Number of protein chains: 2
Amino acid sequence: MIGIDVGGANLKVVNDEGVHIHYCPLWEKAPIADTLKPYVKQGETSAAVVMSGELADCFENKLQGISFIVGEVQKAFPGARFYGMDAQFHERPVPQLAAANWLASADYLRERYAGAILLDLGSTTADIIPLGHFGSLHELTDLNRLQKGFLLYTGMLRTNIAAILQSVDLFGIPTPISSEYFATSADAHFVLGHITPDEYACDTPDHKEKTRNASLRRLARVVCADLEEIGEEGALQIAHQVYERQKAMVCNAARACAMAYGAQEILVAGIGARLFARELGAQDLNRELGPVADALPAFAVREIALRNREFSH
Amino acid sequence: MIGIDVGGANLKVVNDEGVHIHYCPLWEKAPIADTLKPYVKQGETSAAVVMSGELADCFENKLQGISFIVGEVQKAFPGARFYGMDAQFHERPVPQLAAANWLASADYLRERYAGAILLDLGSTTADIIPLGHFGSLHELTDLNRLQKGFLLYTGMLRTNIAAILQSVDLFGIPTPISSEYFATSADAHFVLGHITPDEYACDTPDHKEKTRNASLRRLARVVCADLEEIGEEGALQIAHQVYERQKAMVCNAARACAMAYGAQEILVAGIGARLFARELGAQDLNRELGPVADALPAFAVREIALRNREFSH
């Protein structure tokens with residue numbers, strides 16, 4: 001059995017061999033079925049699935065997105081089971097399938113870490129989940145989670161810097177920034193050494209290279225400058241401020257959730273786990289689970305299906 | 001003679017017949033020369049040009065962008081003259097050509113309105129210019145202008161809502177928003193009745209229709225919701241807050257500039273002129289100049305070239 005998490009930008013698969021992350025942007029008509037068929041050829045016959053890609057704006061509404069994703073997965077795995085916001089598996093495209101990926105992570109971890117908060121920091125968003133309160137999490141929409149501070153729309157790679165900051169301090173001078181999509185959080189994390197070129201696993205805003213110099217150029221453009229105008233030091237000042245702002249946002253939300261729910265421990269998963277475990281003095285799930293912690297919902301939904309013996313009857 | 005303003009997203013042309021705005025995004029390899037050649041066929045033989053499109057991220061740096069734009073314009077008008085940040089015309093791609101479009105507007109208006117501030121609010125940005133201080137404006141880069149509050153990266157159409165707001169009040173509940181490019185300022189202004197469908201002159205984020213319902217859907221997606229989840233009222237609450245934030249940003253900057261330079265009057269041009277003249281109690285240049293006020297730099301550079309008899313020797 002494989003576990004699948006169909007996000008808007010990434011399709012994540014977990015099987016016995018480990019984790020496989022396919023950049024697969026739905027708004028560019030990414031071929032979900034074709035991406036999954038090689039796993040069928042490898043002998044996989046069943047799939048446990050979660051999704052969040054139904055929010056992608058190629059769909060008129062979430063149910064249309066759910067129907068599309070279910071249909072694509074079924075082309076490869078006709079008997080696939082889809083985990084929903086009611087913590088149950090479904091075989092049809094029902095509204096409960098919207099954005100249930102984080103709930104699968106919670107379902108998998110809740111018994112072992114009942115006293116903990118989970119922070120899953122991915123390419124685009126951060127999920128913050130009080131694991132000891134699983135019952136109260138059912139049926140929470142993304143809108144509910146935004147309002148509760150359980151969903152932060154900031155991530156390690158794909159976040160437009162103009163959505164993180166409105167102004168930077170450049171050599172001591174307050175400098176409002178451009179609102180264009182000129183650079184991403186990946187550019188900031190890359191030049192700060194937080195991610196490798198391989199981990200810069202999304203397209204660049206200008207469709208140019210993933211090199212230090214190209215990222216510095218993109219960061220300079222955020223203040224409408226050539227890199228030569230502000231130098232590497234200026235571009236690094238921007239990157240540092242992007243990170244400081246993200247760090248404050250994510251760490252404050254995680255700590256507020258821990259305090260509100262009386263949690264003693266914070267677990268961190270996702271591609272931001274190493275960095276933010278250090279910042280928060282938290283436990284890095286990568287150390288326990290290995291690389292599958294980068295694709296926790298895909299791993300979790302598979303474990304839940306195995307635990308429930310979903311495919312054995 | 002025609003006046004041309006080559007922006008990143010729009011190519012604006014002014015001739016004896018009036019103003020012609022071509023949506024022509026440079027980052028999608030828009031064909032500048034092909035867009036201009038019909039004017040040659042109509043009998044035009046000379047062109048006065050300003051630009052700001054050299055900042056588009058298809059170019060490695062501004063000089064590369066300037067060279068490309070000059071080359072494209074010269075394919076249609078080999079004798080074209082390009083207005084620069086030194087308030088002079090040039091025939092070659094020199095660094096001074098970067099973002100001199102607003103200076104041409106100032107050059108044209110400065111004698112008649114020496115005591116005024118000009119606010120030119122376009123699709124993407126707002127230029128704020130103290131017309132009585134023309135000499136001190138030469139050689140100001142976009143970076144300088146951001147820092148002085150002379151360039152605001154917010155506009156009537158193309159601004160990502162996630163770059164305007166980080167959170168909205170939705171039915172009384174503070175709601176952080178998605179950082180994706182789900183909706184633009186055009187969606188907000190359109191549902192508020194500030195612009196017509198024709199004036200929504202750029203692509204939509206989801207490449208879907210320019211209808212009231214489609215704009216409301218895009219606005220709802222900003223809080224990760226289907227329109228059915230928050231209703232038209234919820235989507236309109238988001239639109240109102242986008243506008244309030246833009247209004248505060250633009251009006252405060254214009255008033256601060258007027259105060260700093262002792263200006264008694266504010267002139268407003270660009271597609272936001274009607275709306276913001278009302279908000280500011282300012283003079284709408286459309287009333288005096290007519291529709292060319294929507295393409296003020298293209299109009300102005302042509303007037304300056306005529307005044308200077310650039311093409312008569």
# chains A, B, ... in the order shown; residues from 1 in each chain; ligands from 1
call {"tool": "closest_atom_pairs", "arguments": {"of": "chain A", "to": "chain B", "cutoff": "6 Å", "atoms": "only C-alpha atoms", "output": "CSV"}}
result
residue,atom,partner,partner_atom,distance
A:Asp57,CA,B:Asp206,CA,5.5
A:Asn61,CA,B:Asp226,CA,5.6
A:Asp142,CA,B:Cys224,CA,6.0
A:Leu143,CA,B:Cys224,CA,5.7
A:Leu146,CA,B:Pro176,CA,5.9
A:Gln147,CA,B:Thr175,CA,4.9
A:Tyr153,CA,B:Ser178,CA,5.1
A:Ala162,CA,B:Ala163,CA,5.2
A:Ala163,CA,B:Ala163,CA,4.7
A:Thr175,CA,B:Gln147,CA,4.9
A:Pro176,CA,B:Leu146,CA,5.9
A:Ser178,CA,B:Tyr153,CA,5.1
A:Ser179,CA,B:Ala163,CA,5.6
A:Asp206,CA,B:Asp57,CA,5.5
A:Val223,CA,B:Leu143,CA,6.0
A:Cys224,CA,B:Leu143,CA,5.7
A:Asp226,CA,B:Asn61,CA,5.6
call {"tool": "write_last_selection", "arguments": {"atoms": "all heavy atoms", "output": "compact mmCIF listing (two decimals), in the first residue's frame"}}
result
# COMPACT_ATOMS: atom_id res chain seq x y z
N ASP A 57 -6.65 27.19 -7.60
CA ASP A 57 -7.65 28.06 -8.23
C ASP A 57 -7.98 27.67 -9.66
O ASP A 57 -8.71 28.38 -10.34
CB ASP A 57 -7.29 29.53 -8.09
CG ASP A 57 -6.06 29.91 -8.88
OD1 ASP A 57 -5.49 29.05 -9.57
OD2 ASP A 57 -5.67 31.09 -8.80
N ASN A 61 -14.63 25.46 -7.21
CA ASN A 61 -14.85 25.34 -5.77
C ASN A 61 -14.20 24.04 -5.30
O ASN A 61 -13.67 23.27 -6.09
CB ASN A 61 -16.35 25.38 -5.44
CG ASN A 61 -17.13 24.33 -6.23
OD1 ASN A 61 -16.70 23.19 -6.35
ND2 ASN A 61 -18.27 24.72 -6.78
N ASP A 142 -10.33 24.95 6.51
CA ASP A 142 -9.13 25.80 6.45
C ASP A 142 -9.45 27.20 6.99
O ASP A 142 -8.62 27.81 7.66
CB ASP A 142 -8.63 25.91 5.00
CG ASP A 142 -7.73 24.74 4.62
OD1 ASP A 142 -7.43 23.89 5.49
OD2 ASP A 142 -7.32 24.68 3.45
N LEU A 143 -10.64 27.69 6.69
CA LEU A 143 -11.03 29.01 7.21
C LEU A 143 -11.05 29.00 8.74
O LEU A 143 -10.51 29.90 9.38
CB LEU A 143 -12.42 29.39 6.65
CG LEU A 143 -13.06 30.66 7.22
CD1 LEU A 143 -12.18 31.88 7.01
CD2 LEU A 143 -14.43 30.89 6.57
N LEU A 146 -7.42 28.98 9.92
CA LEU A 146 -6.78 30.30 9.82
C LEU A 146 -7.17 31.15 11.03
O LEU A 146 -6.33 31.80 11.66
CB LEU A 146 -7.24 31.03 8.54
CG LEU A 146 -6.66 30.59 7.20
CD1 LEU A 146 -7.41 31.29 6.06
CD2 LEU A 146 -5.17 30.91 7.10
N GLN A 147 -8.45 31.11 11.36
CA GLN A 147 -8.95 31.97 12.45
C GLN A 147 -8.45 31.52 13.82
O GLN A 147 -8.29 32.32 14.72
CB GLN A 147 -10.48 32.00 12.41
CG GLN A 147 -11.00 32.71 11.14
CD GLN A 147 -12.51 32.69 10.99
OE1 GLN A 147 -13.19 31.79 11.47
NE2 GLN A 147 -13.03 33.69 10.30
N TYR A 153 -0.33 30.66 6.55
CA TYR A 153 0.00 30.57 5.13
C TYR A 153 1.39 31.16 4.88
O TYR A 153 1.55 32.15 4.19
CB TYR A 153 -1.07 31.25 4.28
CG TYR A 153 -1.69 30.29 3.30
CD1 TYR A 153 -2.89 29.67 3.58
CD2 TYR A 153 -1.03 29.95 2.12
CE1 TYR A 153 -3.45 28.76 2.69
CE2 TYR A 153 -1.57 29.06 1.23
CZ TYR A 153 -2.78 28.46 1.53
OH TYR A 153 -3.32 27.56 0.65
N ALA A 162 6.61 39.44 -0.77
CA ALA A 162 5.70 40.58 -0.59
C ALA A 162 4.52 40.24 0.32
O ALA A 162 3.82 41.15 0.78
CB ALA A 162 5.19 41.07 -1.94
N ALA A 163 4.29 38.94 0.57
CA ALA A 163 3.22 38.56 1.49
C ALA A 163 3.76 38.38 2.91
O ALA A 163 3.00 38.19 3.85
CB ALA A 163 2.56 37.26 1.02
N THR A 175 12.53 50.82 3.83
CA THR A 175 12.35 50.70 2.39
C THR A 175 11.13 49.84 2.08
O THR A 175 11.19 48.61 2.19
CB THR A 175 13.61 50.05 1.76
OG1 THR A 175 14.78 50.77 2.18
CG2 THR A 175 13.53 50.06 0.25
N PRO A 176 10.00 50.46 1.73
CA PRO A 176 8.84 49.67 1.31
C PRO A 176 9.22 48.83 0.09
O PRO A 176 10.05 49.26 -0.73
CB PRO A 176 7.80 50.74 0.94
CG PRO A 176 8.24 51.97 1.66
CD PRO A 176 9.73 51.91 1.69
N SER A 178 8.43 46.07 -3.32
CA SER A 178 7.52 45.84 -4.44
C SER A 178 6.52 44.76 -4.08
O SER A 178 6.82 43.83 -3.33
CB SER A 178 8.33 45.39 -5.66
OG SER A 178 7.45 44.86 -6.64
N SER A 179 5.32 44.87 -4.64
CA SER A 179 4.30 43.85 -4.40
C SER A 179 4.29 42.78 -5.48
O SER A 179 3.44 41.89 -5.47
CB SER A 179 2.92 44.51 -4.33
OG SER A 179 2.66 45.25 -5.50
N ASP A 206 11.23 33.89 -11.47
CA ASP A 206 11.63 34.39 -12.79
C ASP A 206 11.99 33.24 -13.74
O ASP A 206 12.51 33.49 -14.83
CB ASP A 206 12.81 35.37 -12.67
CG ASP A 206 14.00 34.77 -11.92
OD1 ASP A 206 13.95 33.57 -11.57
OD2 ASP A 206 14.97 35.50 -11.68
N VAL A 223 13.29 45.21 -3.88
CA VAL A 223 13.34 46.66 -3.65
C VAL A 223 13.64 47.39 -4.96
O VAL A 223 14.23 48.48 -4.97
CB VAL A 223 14.36 47.06 -2.55
CG1 VAL A 223 13.87 46.57 -1.19
CG2 VAL A 223 15.75 46.52 -2.84
N CYS A 224 13.22 46.77 -6.08
CA CYS A 224 13.33 47.38 -7.41
C CYS A 224 14.78 47.68 -7.79
O CYS A 224 15.04 48.64 -8.53
CB CYS A 224 12.51 48.67 -7.50
SG CYS A 224 10.76 48.42 -7.15
N ASP A 226 18.79 46.34 -9.09
CA ASP A 226 19.75 45.35 -9.54
C ASP A 226 20.60 44.93 -8.34
O ASP A 226 20.79 45.72 -7.40
CB ASP A 226 20.68 45.95 -10.60
CG ASP A 226 20.01 46.04 -11.98
OD1 ASP A 226 18.96 45.41 -12.19
OD2 ASP A 226 20.56 46.76 -12.83
call {"tool": "select_by_dssp", "arguments": {"residues": "stretch 115-287 of chain A", "states": "strand (DSSP E)", "output": "number ranges by chain"}}
result
A: 116-121, 126-130, 151-152, 167-170, 173-176, 265-269, 283-284
call {"tool": "calpha_fit_and_write", "arguments": {"fixed": "chain A", "moving": "chain B", "output": "CSV table (one decimal) with C-alpha atoms, in the first residue's frame"}}
result
chain,number,residue,atom,x,y,z
B,1,MET,CA,0.0,0.0,0.0
B,2,ILE,CA,1.1,3.5,-0.7
B,3,GLY,CA,0.2,6.7,1.1
B,4,ILE,CA,-0.5,9.8,-1.1
B,5,ASP,CA,-0.9,13.5,-0.2
B,6,VAL,CA,-2.2,15.5,-3.1
B,7,GLY,CA,-1.3,19.1,-2.4
B,8,GLY,CA,-1.7,22.1,-4.7
B,9,ALA,CA,2.0,22.2,-5.6
B,10,ASN,CA,3.4,18.8,-4.6
B,11,LEU,CA,2.3,15.2,-4.8
B,12,LYS,CA,3.8,13.2,-2.0
B,13,VAL,CA,4.0,9.4,-2.0
B,14,VAL,CA,5.2,7.2,0.8
B,15,ASN,CA,5.8,3.5,0.2
B,16,ASP,CA,8.0,0.8,1.8
B,17,GLU,CA,11.1,2.4,0.1
B,18,GLY,CA,10.4,5.8,1.7
B,19,VAL,CA,9.2,9.2,0.6
B,20,HIS,CA,8.9,10.5,-3.0
B,21,ILE,CA,8.0,14.2,-3.6
B,22,HIS,CA,6.8,15.1,-7.1
B,23,TYR,CA,6.5,18.8,-7.9
B,24,CYS,CA,3.1,18.7,-9.5
B,25,PRO,CA,1.3,22.1,-9.6
B,26,LEU,CA,-2.4,21.4,-10.2
B,27,TRP,CA,-3.0,24.9,-11.6
B,28,GLU,CA,-0.7,23.9,-14.5
B,29,LYS,CA,-2.8,20.8,-15.1
B,30,ALA,CA,-0.2,18.5,-13.6
B,31,PRO,CA,-0.8,14.9,-14.5
B,32,ILE,CA,-1.6,13.2,-11.2
B,33,ALA,CA,-2.6,9.9,-12.7
B,34,ASP,CA,0.6,9.7,-14.8
B,35,THR,CA,2.7,10.5,-11.8
B,36,LEU,CA,1.1,7.6,-9.8
B,37,LYS,CA,1.1,4.9,-12.5
B,38,PRO,CA,4.7,4.0,-12.1
B,39,TYR,CA,3.9,2.9,-8.6
B,40,VAL,CA,1.2,0.6,-10.0
B,41,LYS,CA,3.9,-0.9,-12.3
B,42,GLN,CA,6.1,-1.5,-9.3
B,43,GLY,CA,3.3,-3.7,-7.9
B,44,GLU,CA,1.4,-1.4,-5.6
B,45,THR,CA,-2.3,-2.3,-5.6
B,46,SER,CA,-3.8,0.0,-3.0
B,47,ALA,CA,-3.6,3.6,-1.9
B,48,ALA,CA,-4.6,5.6,1.1
B,49,VAL,CA,-5.0,9.2,0.2
B,50,VAL,CA,-5.3,12.7,1.7
B,51,MET,CA,-5.4,16.0,-0.1
B,52,SER,CA,-5.3,19.8,0.2
B,53,GLY,CA,-5.0,20.5,-3.5
B,54,GLU,CA,-8.7,21.1,-3.9
B,55,LEU,CA,-8.1,24.7,-3.0
B,56,ALA,CA,-6.0,25.3,-6.2
B,57,ASP,CA,-7.7,28.1,-8.2
B,58,CYS,CA,-8.0,26.0,-11.4
B,59,PHE,CA,-11.1,24.7,-9.6
B,60,GLU,CA,-14.3,26.7,-9.3
B,61,ASN,CA,-14.9,25.3,-5.8
B,62,LYS,CA,-13.5,22.7,-3.4
B,63,LEU,CA,-15.9,20.0,-4.4
B,64,GLN,CA,-14.9,20.3,-8.0
B,65,GLY,CA,-11.3,20.0,-6.9
B,66,ILE,CA,-12.1,17.0,-4.8
B,67,SER,CA,-13.9,15.3,-7.6
B,68,PHE,CA,-11.0,15.9,-10.0
B,69,ILE,CA,-8.4,14.6,-7.6
B,70,VAL,CA,-10.4,11.5,-6.6
B,71,GLY,CA,-10.9,10.8,-10.3
B,72,GLU,CA,-7.2,11.2,-11.2
B,73,VAL,CA,-6.1,9.0,-8.3
B,74,GLN,CA,-8.7,6.3,-9.2
B,75,LYS,CA,-7.3,6.1,-12.7
B,76,ALA,CA,-4.2,4.6,-11.1
B,77,PHE,CA,-5.7,3.1,-8.0
B,78,PRO,CA,-9.4,2.3,-8.6
B,79,GLY,CA,-9.8,1.1,-5.0
B,80,ALA,CA,-8.1,4.0,-3.4
B,81,ARG,CA,-9.5,5.2,0.0
B,82,PHE,CA,-9.6,8.8,0.9
B,83,TYR,CA,-9.3,10.1,4.5
B,84,GLY,CA,-11.7,12.8,5.5
B,85,MET,CA,-12.4,15.5,8.1
B,86,ASP,CA,-14.6,13.0,9.9
B,87,ALA,CA,-11.5,10.8,10.5
B,88,GLN,CA,-13.0,8.1,8.3
B,89,PHE,CA,-12.0,6.7,4.9
B,90,HIS,CA,-14.2,7.3,1.9
B,91,GLU,CA,-14.3,5.9,-1.6
B,92,ARG,CA,-16.2,8.7,-3.3
B,93,PRO,CA,-15.6,12.4,-3.7
B,94,VAL,CA,-17.4,13.8,-0.7
B,95,PRO,CA,-17.0,17.4,0.8
B,96,GLN,CA,-15.3,15.9,3.9
B,97,LEU,CA,-12.2,15.2,1.9
B,98,ALA,CA,-11.2,18.9,1.7
B,99,ALA,CA,-7.9,19.6,3.4
B,100,ALA,CA,-7.9,16.6,5.7
B,101,ASN,CA,-4.2,16.0,5.3
B,102,TRP,CA,-3.2,17.6,8.6
B,103,LEU,CA,-5.9,15.6,10.4
B,104,ALA,CA,-4.3,12.4,9.2
B,105,SER,CA,-1.0,13.5,10.8
B,106,ALA,CA,-2.8,14.2,14.0
B,107,ASP,CA,-4.7,10.9,13.9
B,108,TYR,CA,-1.4,9.0,13.6
B,109,LEU,CA,0.5,10.9,16.3
B,110,ARG,CA,-2.2,11.6,18.8
B,111,GLU,CA,-1.8,8.5,21.1
B,112,ARG,CA,1.9,8.6,21.3
B,113,TYR,CA,2.2,12.4,21.8
B,114,ALA,CA,-1.1,13.3,23.5
B,115,GLY,CA,0.6,16.1,25.4
B,116,ALA,CA,2.2,17.7,22.4
B,117,ILE,CA,1.6,20.4,19.7
B,118,LEU,CA,2.6,19.4,16.2
B,119,LEU,CA,4.1,22.0,13.9
B,120,ASP,CA,4.3,20.8,10.3
B,121,LEU,CA,6.1,23.4,8.3
B,122,GLY,CA,6.1,22.7,4.6
B,123,SER,CA,6.8,24.5,1.3
B,124,THR,CA,3.7,26.8,1.5
B,125,THR,CA,2.0,26.5,4.9
B,126,ALA,CA,2.4,25.7,8.5
B,127,ASP,CA,0.0,23.4,10.3
B,128,ILE,CA,-0.2,23.7,14.1
B,129,ILE,CA,-2.2,21.0,15.8
B,130,PRO,CA,-2.9,20.3,19.5
B,131,LEU,CA,-2.6,16.5,19.4
B,132,GLY,CA,-4.4,15.9,22.6
B,133,HIS,CA,-7.6,17.4,21.4
B,134,PHE,CA,-8.2,15.3,18.4
B,135,GLY,CA,-12.0,15.1,18.8
B,136,SER,CA,-12.3,18.9,18.7
B,137,LEU,CA,-10.4,19.1,15.4
B,138,HIS,CA,-12.8,17.1,13.3
B,139,GLU,CA,-14.6,19.1,10.6
B,140,LEU,CA,-12.4,22.2,11.0
B,141,THR,CA,-12.2,23.9,7.6
B,142,ASP,CA,-9.1,25.8,6.5
B,143,LEU,CA,-11.0,29.0,7.2
B,144,ASN,CA,-11.6,27.8,10.8
B,145,ARG,CA,-8.0,26.9,11.1
B,146,LEU,CA,-6.8,30.3,9.8
B,147,GLN,CA,-9.0,32.0,12.5
B,148,LYS,CA,-7.7,29.7,15.2
B,149,GLY,CA,-4.0,30.1,14.3
B,150,PHE,CA,-3.8,26.4,13.3
B,151,LEU,CA,-3.0,27.2,9.7
B,152,LEU,CA,-0.4,29.8,8.8
B,153,TYR,CA,0.0,30.6,5.1
B,154,THR,CA,3.8,30.9,5.2
B,155,GLY,CA,6.2,28.3,4.1
B,156,MET,CA,9.9,27.4,3.5
B,157,LEU,CA,9.7,27.7,-0.3
B,158,ARG,CA,6.7,29.1,-2.1
B,159,THR,CA,5.8,32.2,-0.1
B,160,ASN,CA,5.9,35.5,-2.0
B,161,ILE,CA,8.2,37.8,0.0
B,162,ALA,CA,5.7,40.6,-0.6
B,163,ALA,CA,3.2,38.6,1.5
B,164,ILE,CA,5.7,38.3,4.4
B,165,LEU,CA,7.0,41.8,4.6
B,166,GLN,CA,5.7,45.2,3.4
B,167,SER,CA,8.9,47.1,4.2
B,168,VAL,CA,12.6,46.2,4.9
B,169,ASP,CA,15.4,48.0,6.7
B,170,LEU,CA,18.1,48.4,4.0
B,171,PHE,CA,21.4,49.8,5.4
B,172,GLY,CA,19.3,51.5,8.1
B,173,ILE,CA,16.8,53.1,5.7
B,174,PRO,CA,13.1,52.0,5.9
B,175,THR,CA,12.3,50.7,2.4
B,176,PRO,CA,8.8,49.7,1.3
B,177,ILE,CA,9.1,46.7,-1.1
B,178,SER,CA,7.5,45.8,-4.5
B,179,SER,CA,4.3,43.8,-4.4
B,180,GLU,CA,5.3,41.8,-7.5
B,181,TYR,CA,6.1,38.1,-7.3
B,182,PHE,CA,9.9,38.8,-7.6
B,183,ALA,CA,11.3,36.5,-4.9
B,184,THR,CA,10.1,33.7,-2.5
B,185,SER,CA,10.9,32.4,0.9
B,186,ALA,CA,13.0,29.7,-0.8
B,187,ASP,CA,15.4,32.5,-2.1
B,188,ALA,CA,15.7,33.8,1.4
B,189,HIS,CA,16.3,30.4,3.0
B,190,PHE,CA,18.7,29.4,0.2
B,191,VAL,CA,21.0,32.4,0.6
B,192,LEU,CA,20.9,32.0,4.4
B,193,GLY,CA,22.0,28.3,4.0
B,194,HIS,CA,18.8,26.9,5.5
B,195,ILE,CA,18.1,24.8,2.3
B,196,THR,CA,20.2,23.2,-0.4
B,197,PRO,CA,19.6,23.7,-4.1
B,198,ASP,CA,17.9,20.3,-4.1
B,199,GLU,CA,15.6,21.4,-1.4
B,200,TYR,CA,14.6,24.4,-3.5
B,201,ALA,CA,11.9,22.1,-4.9
B,202,CYS,CA,9.6,24.5,-6.7
B,203,ASP,CA,9.9,26.8,-9.7
B,204,THR,CA,11.7,30.1,-9.3
B,205,PRO,CA,9.6,33.3,-9.8
B,206,ASP,CA,11.6,34.4,-12.8
B,207,HIS,CA,12.0,30.8,-14.1
B,208,LYS,CA,15.8,31.3,-13.8
B,209,GLU,CA,18.5,29.2,-12.0
B,210,LYS,CA,18.6,28.1,-8.4
B,211,THR,CA,22.0,29.5,-7.7
B,212,ARG,CA,23.1,31.7,-4.9
B,213,ASN,CA,23.7,34.6,-7.3
B,214,ALA,CA,20.3,34.2,-9.0
B,215,SER,CA,18.5,34.1,-5.6
B,216,LEU,CA,20.4,37.3,-4.5
B,217,ARG,CA,19.3,38.9,-7.8
B,218,ARG,CA,15.7,38.0,-7.1
B,219,LEU,CA,15.9,39.4,-3.6
B,220,ALA,CA,17.4,42.7,-4.8
B,221,ARG,CA,14.5,43.0,-7.3
B,222,VAL,CA,12.1,43.1,-4.3
B,223,VAL,CA,13.3,46.6,-3.7
B,224,CYS,CA,13.3,47.4,-7.4
B,225,ALA,CA,17.1,47.1,-7.6
B,226,ASP,CA,19.8,45.3,-9.6
B,227,LEU,CA,22.0,43.3,-7.3
B,228,GLU,CA,24.8,45.7,-8.2
B,229,GLU,CA,22.8,48.6,-6.6
B,230,ILE,CA,22.5,47.1,-3.1
B,231,GLY,CA,25.2,44.4,-3.2
B,232,GLU,CA,25.2,41.0,-1.7
B,233,GLU,CA,25.0,42.6,1.8
B,234,GLY,CA,21.8,44.4,0.9
B,235,ALA,CA,20.2,41.3,-0.5
B,236,LEU,CA,21.2,39.3,2.6
B,237,GLN,CA,19.7,42.0,4.8
B,238,ILE,CA,16.4,41.4,3.0
B,239,ALA,CA,16.7,37.6,3.4
B,240,HIS,CA,17.5,38.0,7.2
B,241,GLN,CA,14.4,40.1,7.7
B,242,VAL,CA,12.2,37.7,5.8
B,243,TYR,CA,13.4,34.9,8.0
B,244,GLU,CA,13.0,36.9,11.2
B,245,ARG,CA,9.4,37.8,10.3
B,246,GLN,CA,8.6,34.2,9.4
B,247,LYS,CA,10.3,32.9,12.6
B,248,ALA,CA,8.3,35.3,14.8
B,249,MET,CA,5.0,34.4,13.1
B,250,VAL,CA,5.5,30.6,13.2
B,251,CYS,CA,7.1,30.4,16.7
B,252,ASN,CA,4.6,32.8,18.3
B,253,ALA,CA,1.7,30.8,16.9
B,254,ALA,CA,3.2,27.5,18.0
B,255,ARG,CA,3.9,28.8,21.5
B,256,ALA,CA,0.5,30.4,21.7
B,257,CYS,CA,-1.1,27.1,20.8
B,258,ALA,CA,1.0,25.2,23.3
B,259,MET,CA,0.1,27.6,26.0
B,260,ALA,CA,-3.7,27.6,25.2
B,261,TYR,CA,-3.8,23.8,25.2
B,262,GLY,CA,-1.4,23.2,28.1
B,263,ALA,CA,1.0,21.3,25.9
B,264,GLN,CA,4.4,20.6,27.3
B,265,GLU,CA,6.1,19.6,24.1
B,266,ILE,CA,6.3,20.8,20.5
B,267,LEU,CA,7.0,18.4,17.7
B,268,VAL,CA,8.2,19.7,14.4
B,269,ALA,CA,7.8,18.0,11.0
B,270,GLY,CA,8.1,19.1,7.3
B,271,ILE,CA,10.9,20.5,5.4
B,272,GLY,CA,11.3,23.3,8.0
B,273,ALA,CA,11.6,20.8,10.9
B,274,ARG,CA,15.4,21.0,11.4
B,275,LEU,CA,15.5,24.8,11.4
B,276,PHE,CA,12.4,25.4,13.5
B,277,ALA,CA,13.1,22.6,16.0
B,278,ARG,CA,16.3,24.5,16.8
B,279,GLU,CA,14.5,27.8,17.1
B,280,LEU,CA,11.8,26.4,19.3
B,281,GLY,CA,13.8,24.0,21.4
B,282,ALA,CA,11.4,21.5,20.0
B,283,GLN,CA,11.6,17.8,19.0
B,284,ASP,CA,12.5,17.2,15.3
B,285,LEU,CA,10.3,14.3,14.1
B,286,ASN,CA,12.8,13.6,11.3
B,287,ARG,CA,15.1,12.2,14.0
B,288,GLU,CA,12.4,9.6,14.9
B,289,LEU,CA,10.6,9.0,11.6
B,290,GLY,CA,13.4,9.8,9.2
B,291,PRO,CA,12.8,11.5,5.9
B,292,VAL,CA,9.1,10.6,5.9
B,293,ALA,CA,8.6,13.5,8.3
B,294,ASP,CA,8.9,15.7,5.2
B,295,ALA,CA,5.7,14.1,4.0
B,296,LEU,CA,4.0,13.4,7.2
B,297,PRO,CA,0.4,13.3,6.0
B,298,ALA,CA,1.2,10.8,3.3
B,299,PHE,CA,3.1,8.7,5.8
B,300,ALA,CA,0.3,9.1,8.4
B,301,VAL,CA,-2.6,8.2,6.1
B,302,ARG,CA,-0.8,5.0,5.1
B,303,GLU,CA,-0.1,4.1,8.8
B,304,ILE,CA,-3.8,4.7,9.7
B,305,ALA,CA,-5.0,2.6,6.8
B,306,LEU,CA,-2.6,-0.2,7.9
B,307,ARG,CA,-3.7,0.2,11.5
B,308,ASN,CA,-7.4,0.1,10.5
B,309,ARG,CA,-6.8,-2.8,8.1
B,310,GLU,CA,-8.6,-0.8,5.5
B,311,PHE,CA,-7.6,-3.0,2.6
B,312,SER,CA,-7.6,-6.4,4.3
B,313,HIS,CA,-11.3,-7.2,4.0
